[in-house]
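Structure first, commentary second.
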Amino acid sequence: MCGRYALVLRPRELRNRLRQYGLPVHDTDPDGPADTNTNEPSSQPQPQSPSEDDSEGTRQSYNIAPGYIEPVYRAAVASDGDRQHRYIVQGMKWGLIPSWMTKTPDYATQLKTINCRDDSLMRDTGMWTHMKKHKRCVVIAEGFFEWQKLGNDKIPHYIKRADGQLLFLAGLWDRTTTTSSTTSSDHTQKTDLYSYTIITTASSPQMSFLHDRMPAVLSTPAEILAWLDPHTTTWTKQLQGLLRPYEGTLEIYPVPKEVGKVGRSEERFVLPRDTRENITNWFVGGKKGVKRDVEEVRKVGEDVDTGKKQKTVQKKEEEHDPDTSPTSASPSPKHRKSTQTPAATPTKKQARHRSPTTNAAAAASPSKTRTRKSAQADGGKGNAKITSFFGK
């Protein structure tokens with residue numbers, strides 16, 4: 001699935017990046033006579049989607065959401081049957097509206113067509129049948145977002161190519177003509193609306209921990225041009241084969257949760273969430289951020305404790321296993337303990353059970369223990385003094 005992505009390049013910068021990548025781009029109005037799509041009349045109503053030269057028509061954002069008008073790369077051919085074609089960048093609305101719809105659907109309905117599963121294109125039936133043969137496009141992104149589910153929590157992650165190149169996402173587009181009433185009830189205005197969807201496929205091994213689906217990324221200029229070739233008007237195995245998990249290296253890291261709010265666009269949404277943010281949350285009382293960090297530390301601690309327990313169990317099993325224990329020939333520790341002769345009770349404890357007479361005598365005379373220690377400290381001089389005293 002792909003529900004948010006980022007692209008902040010202005011139209012002129014974007015065209016330059018495409019050329020640097022080896023892709024042809026023509027600075028021509030996509031709705032001009034030479035660039036209208038085949039099987040479409042040459043005289044068209046006023047387009048709602050802007051031309052690619054209209055820098056105000058598309059929205060540059062770090063947080064592109066469904067419903068935004070964004071640049072799409074496609075092949076355009078003349079309506080007179082000329083086999084020459086041009087590659088253009090055109091602004092389209094995210095959330096495909098099929099050509100047979102004359103009224104713009106509500107937002108909830110349009111959300112259902114922001115993505116198209118690759119396996120749904122294997123069948124030659126359904127709403128995608130005509131588009132997959134005649135209206136293929138490439139959605140350009142600098143990166144996209146995916147949320148990791150951890151219990152009841154969802155952690156947003158930003159995904160981009162590790163080599164710094166743009167992401168070229170396989171997509172489909174369509175055009176419909178909508179009607180709307182003007183200030184005068186006697187007249188209606190017809191408007192062309194271009195829209196697109198992003199094709200998704202199975203996740204790559206590197207991204208599978210986040211979600212089981214990801215956008216179908218076209219990896220090279222050759223794959224992009226093969227996907228856009230307007231002369232391929234039948235669905236082939238080669239086209240289906242281009243829709244596969246990305247085989248290159250991705251850079252994936254968690255980003256602030258505020259990216260989940262539609263309408264907000266900040267550069268920090270595409271930057272790794274670092275420790276400075278956690279420190280700030282601590283001092284300003286960001287309990288949620290602190291709680292999250294504590295839970296992460298606790299989880300690490302539990303993993304360490306689990307490892308210690310496993311080592312302890314393994315050590316005990318080795319002690320009781322006669323094949324692995326190094327002292328298997330000797331009795332077990334419990335057996336040795338049971339066969340040993342009980343140690344003599346300390347003299348100090350025996351003194352507690354003396355008779356009253358003995359206790360009185362012991363209280364009247366100096367402590368034998370103290371005398372013994374003093375004698376040892378004096379090196380025998382104390383004994384000489386006692387002998388001389390009684391000798392007087």
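Residues are referred to by chain and number: the chain letter is A, B, ... according to the order shown in the structure tokens, the number counts from 1 in that chain, and ligands are numbered separately from 1 in the order shown.
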Check the DSSP output for the backbone and give back, as a ChimeraX atom specification, the residues of stretch 40-229 of chain A in strand (DSSP E). /A:61-64,69-77,85-94,115-117,136-141,143-150,153-161,167-181,188-202,213-215
Store the residues of this selection in a file with C-alpha atoms, as an mmCIF file, in the first residue's frame.
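Once written, again-v7.cif looks like this:
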```
data_model
loop_
_atom_site.group_PDB
_atom_site.id
_atom_site.type_symbol
_atom_site.label_atom_id
_atom_site.label_comp_id
_atom_site.auth_asym_id
_atom_site.auth_seq_id
_atom_site.Cartn_x
_atom_site.Cartn_y
_atom_site.Cartn_z
ATOM 1 C CA SER A 61 4.927 18.798 -0.237
ATOM 2 C CA TYR A 62 6.793 16.646 2.271
ATOM 3 C CA ASN A 63 3.450 14.975 2.982
ATOM 4 C CA ILE A 64 1.458 14.321 -0.211
ATOM 5 C CA ILE A 69 -2.578 17.383 -7.758
ATOM 6 C CA GLU A 70 0.910 16.051 -8.403
ATOM 7 C CA PRO A 71 3.262 15.662 -11.408
ATOM 8 C CA VAL A 72 2.925 12.464 -13.426
ATOM 9 C CA TYR A 73 5.276 11.343 -16.226
ATOM 10 C CA ARG A 74 3.618 9.807 -19.299
ATOM 11 C CA ALA A 75 3.809 9.410 -23.070
ATOM 12 C CA ALA A 76 1.527 11.584 -25.197
ATOM 13 C CA VAL A 77 0.713 10.882 -28.841
ATOM 14 C CA HIS A 85 5.061 10.643 -29.346
ATOM 15 C CA ARG A 86 6.426 12.852 -26.617
ATOM 16 C CA TYR A 87 7.153 12.333 -22.944
ATOM 17 C CA ILE A 88 5.611 14.968 -20.723
ATOM 18 C CA VAL A 89 5.117 15.801 -17.075
ATOM 19 C CA GLN A 90 1.523 16.653 -16.239
ATOM 20 C CA GLY A 91 -0.320 17.512 -13.048
ATOM 21 C CA MET A 92 -3.010 14.989 -12.092
ATOM 22 C CA LYS A 93 -5.192 14.340 -9.085
ATOM 23 C CA TRP A 94 -4.264 11.380 -6.873
ATOM 24 C CA ASN A 115 -3.855 2.167 -5.280
ATOM 25 C CA CYS A 116 -4.242 -0.689 -7.757
ATOM 26 C CA ARG A 117 -3.005 -4.190 -6.925
ATOM 27 C CA ARG A 136 0.130 3.776 -18.195
ATOM 28 C CA CYS A 137 2.099 6.426 -16.328
ATOM 29 C CA VAL A 138 4.906 6.908 -13.815
ATOM 30 C CA VAL A 139 4.355 8.669 -10.491
ATOM 31 C CA ILE A 140 7.479 10.495 -9.317
ATOM 32 C CA ALA A 141 8.431 10.591 -5.640
ATOM 33 C CA GLY A 143 10.244 8.832 -0.938
ATOM 34 C CA PHE A 144 7.063 7.382 0.557
ATOM 35 C CA PHE A 145 5.693 6.617 4.005
ATOM 36 C CA GLU A 146 4.532 3.419 5.650
ATOM 37 C CA TRP A 147 3.315 2.769 9.185
ATOM 38 C CA GLN A 148 4.583 -0.060 11.376
ATOM 39 C CA LYS A 149 2.022 -1.574 13.724
ATOM 40 C CA LEU A 150 3.356 -2.232 17.252
ATOM 41 C CA ASP A 153 0.652 1.978 18.247
ATOM 42 C CA LYS A 154 1.629 2.900 14.674
ATOM 43 C CA ILE A 155 5.116 4.215 13.928
ATOM 44 C CA PRO A 156 5.541 6.072 10.601
ATOM 45 C CA HIS A 157 8.623 5.261 8.533
ATOM 46 C CA TYR A 158 10.093 7.036 5.526
ATOM 47 C CA ILE A 159 11.392 4.911 2.634
ATOM 48 C CA LYS A 160 13.680 6.148 -0.127
ATOM 49 C CA ARG A 161 16.340 4.848 -2.475
ATOM 50 C CA LEU A 167 11.495 6.755 -7.045
ATOM 51 C CA PHE A 168 9.566 6.001 -10.242
ATOM 52 C CA LEU A 169 6.312 4.298 -9.293
ATOM 53 C CA ALA A 170 4.274 2.431 -11.884
ATOM 54 C CA GLY A 171 0.793 3.874 -12.248
ATOM 55 C CA LEU A 172 -2.325 4.228 -14.386
ATOM 56 C CA TRP A 173 -4.178 7.384 -15.348
ATOM 57 C CA ASP A 174 -7.486 8.404 -16.835
ATOM 58 C CA ARG A 175 -9.442 11.467 -17.868
ATOM 59 C CA THR A 176 -13.074 12.239 -17.289
ATOM 60 C CA THR A 177 -15.248 15.216 -18.169
ATOM 61 C CA THR A 178 -17.256 16.548 -15.276
ATOM 62 C CA THR A 179 -20.135 18.980 -15.488
ATOM 63 C CA SER A 180 -20.948 21.732 -13.044
ATOM 64 C CA SER A 181 -23.575 24.455 -12.958
ATOM 65 C CA THR A 188 -23.320 24.094 -17.407
ATOM 66 C CA GLN A 189 -19.554 24.056 -17.549
ATOM 67 C CA LYS A 190 -17.603 21.019 -18.671
ATOM 68 C CA THR A 191 -14.206 20.392 -17.124
ATOM 69 C CA ASP A 192 -11.547 17.797 -17.873
ATOM 70 C CA LEU A 193 -10.230 16.040 -14.792
ATOM 71 C CA TYR A 194 -7.040 13.977 -14.988
ATOM 72 C CA SER A 195 -6.389 11.508 -12.186
ATOM 73 C CA TYR A 196 -4.033 8.615 -11.395
ATOM 74 C CA THR A 197 -3.476 5.574 -9.224
ATOM 75 C CA ILE A 198 -0.281 3.926 -7.907
ATOM 76 C CA ILE A 199 0.216 0.206 -8.550
ATOM 77 C CA THR A 200 1.296 -1.872 -5.550
ATOM 78 C CA THR A 201 3.037 -5.225 -5.384
ATOM 79 C CA ALA A 202 4.465 -7.541 -2.717
ATOM 80 C CA ARG A 213 2.642 -4.417 0.134
ATOM 81 C CA MET A 214 4.699 -1.640 -1.444
ATOM 82 C CA PRO A 215 4.595 0.520 -4.599
#
```
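Here atom CA of A:Asp212 stands at a distance of 21.5 Å from atom CA of A:Arg123.
Taking atom CA of A:Pro66 as the reference point, atom CA of A:Ile114 is found at 6.7 Å.
Put simply, atom CA of A:Phe269 is 25.1 Å away from atom CA of A:Glu247.
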Running DSSP on the backbone, which parts of stretch 132-272 of chain A land in helix (DSSP H, G or I), as a list in words? Lys132, Lys133, His134, Pro221, Ala222, Glu223, Ile224, Leu225, Ala226, Trp227, Leu228, Lys237, Gln238, Leu239, Gln240, Gly241, Lys257, Glu258, Val259, Gly260, Glu267, Arg268, Phe269 and Val270 of chain A
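Those residues that approach stretch 262-266 of chain A to within 12 Å, counting only C-alpha atoms, are A:Gly3, A:Arg4, A:Tyr5, A:Ala6, A:Leu7, A:Val8, A:Arg59, A:Gln60, A:Ser61, A:Tyr62, A:Asn63, A:Ile64, A:Ala65, A:Pro66, A:Gly67, A:Tyr68, A:Val255, A:Pro256, A:Lys257, A:Glu258, A:Val259, A:Phe269, A:Val270, A:Leu271; same-chain residues fewer than 3 positions away are not listed.
Shortest separation to A:Gln240 among A:Asp163, A:Asp118, A:Lys135, A:Arg273 occurs at residue A:Asp118, atoms counted being only C-alpha atoms.
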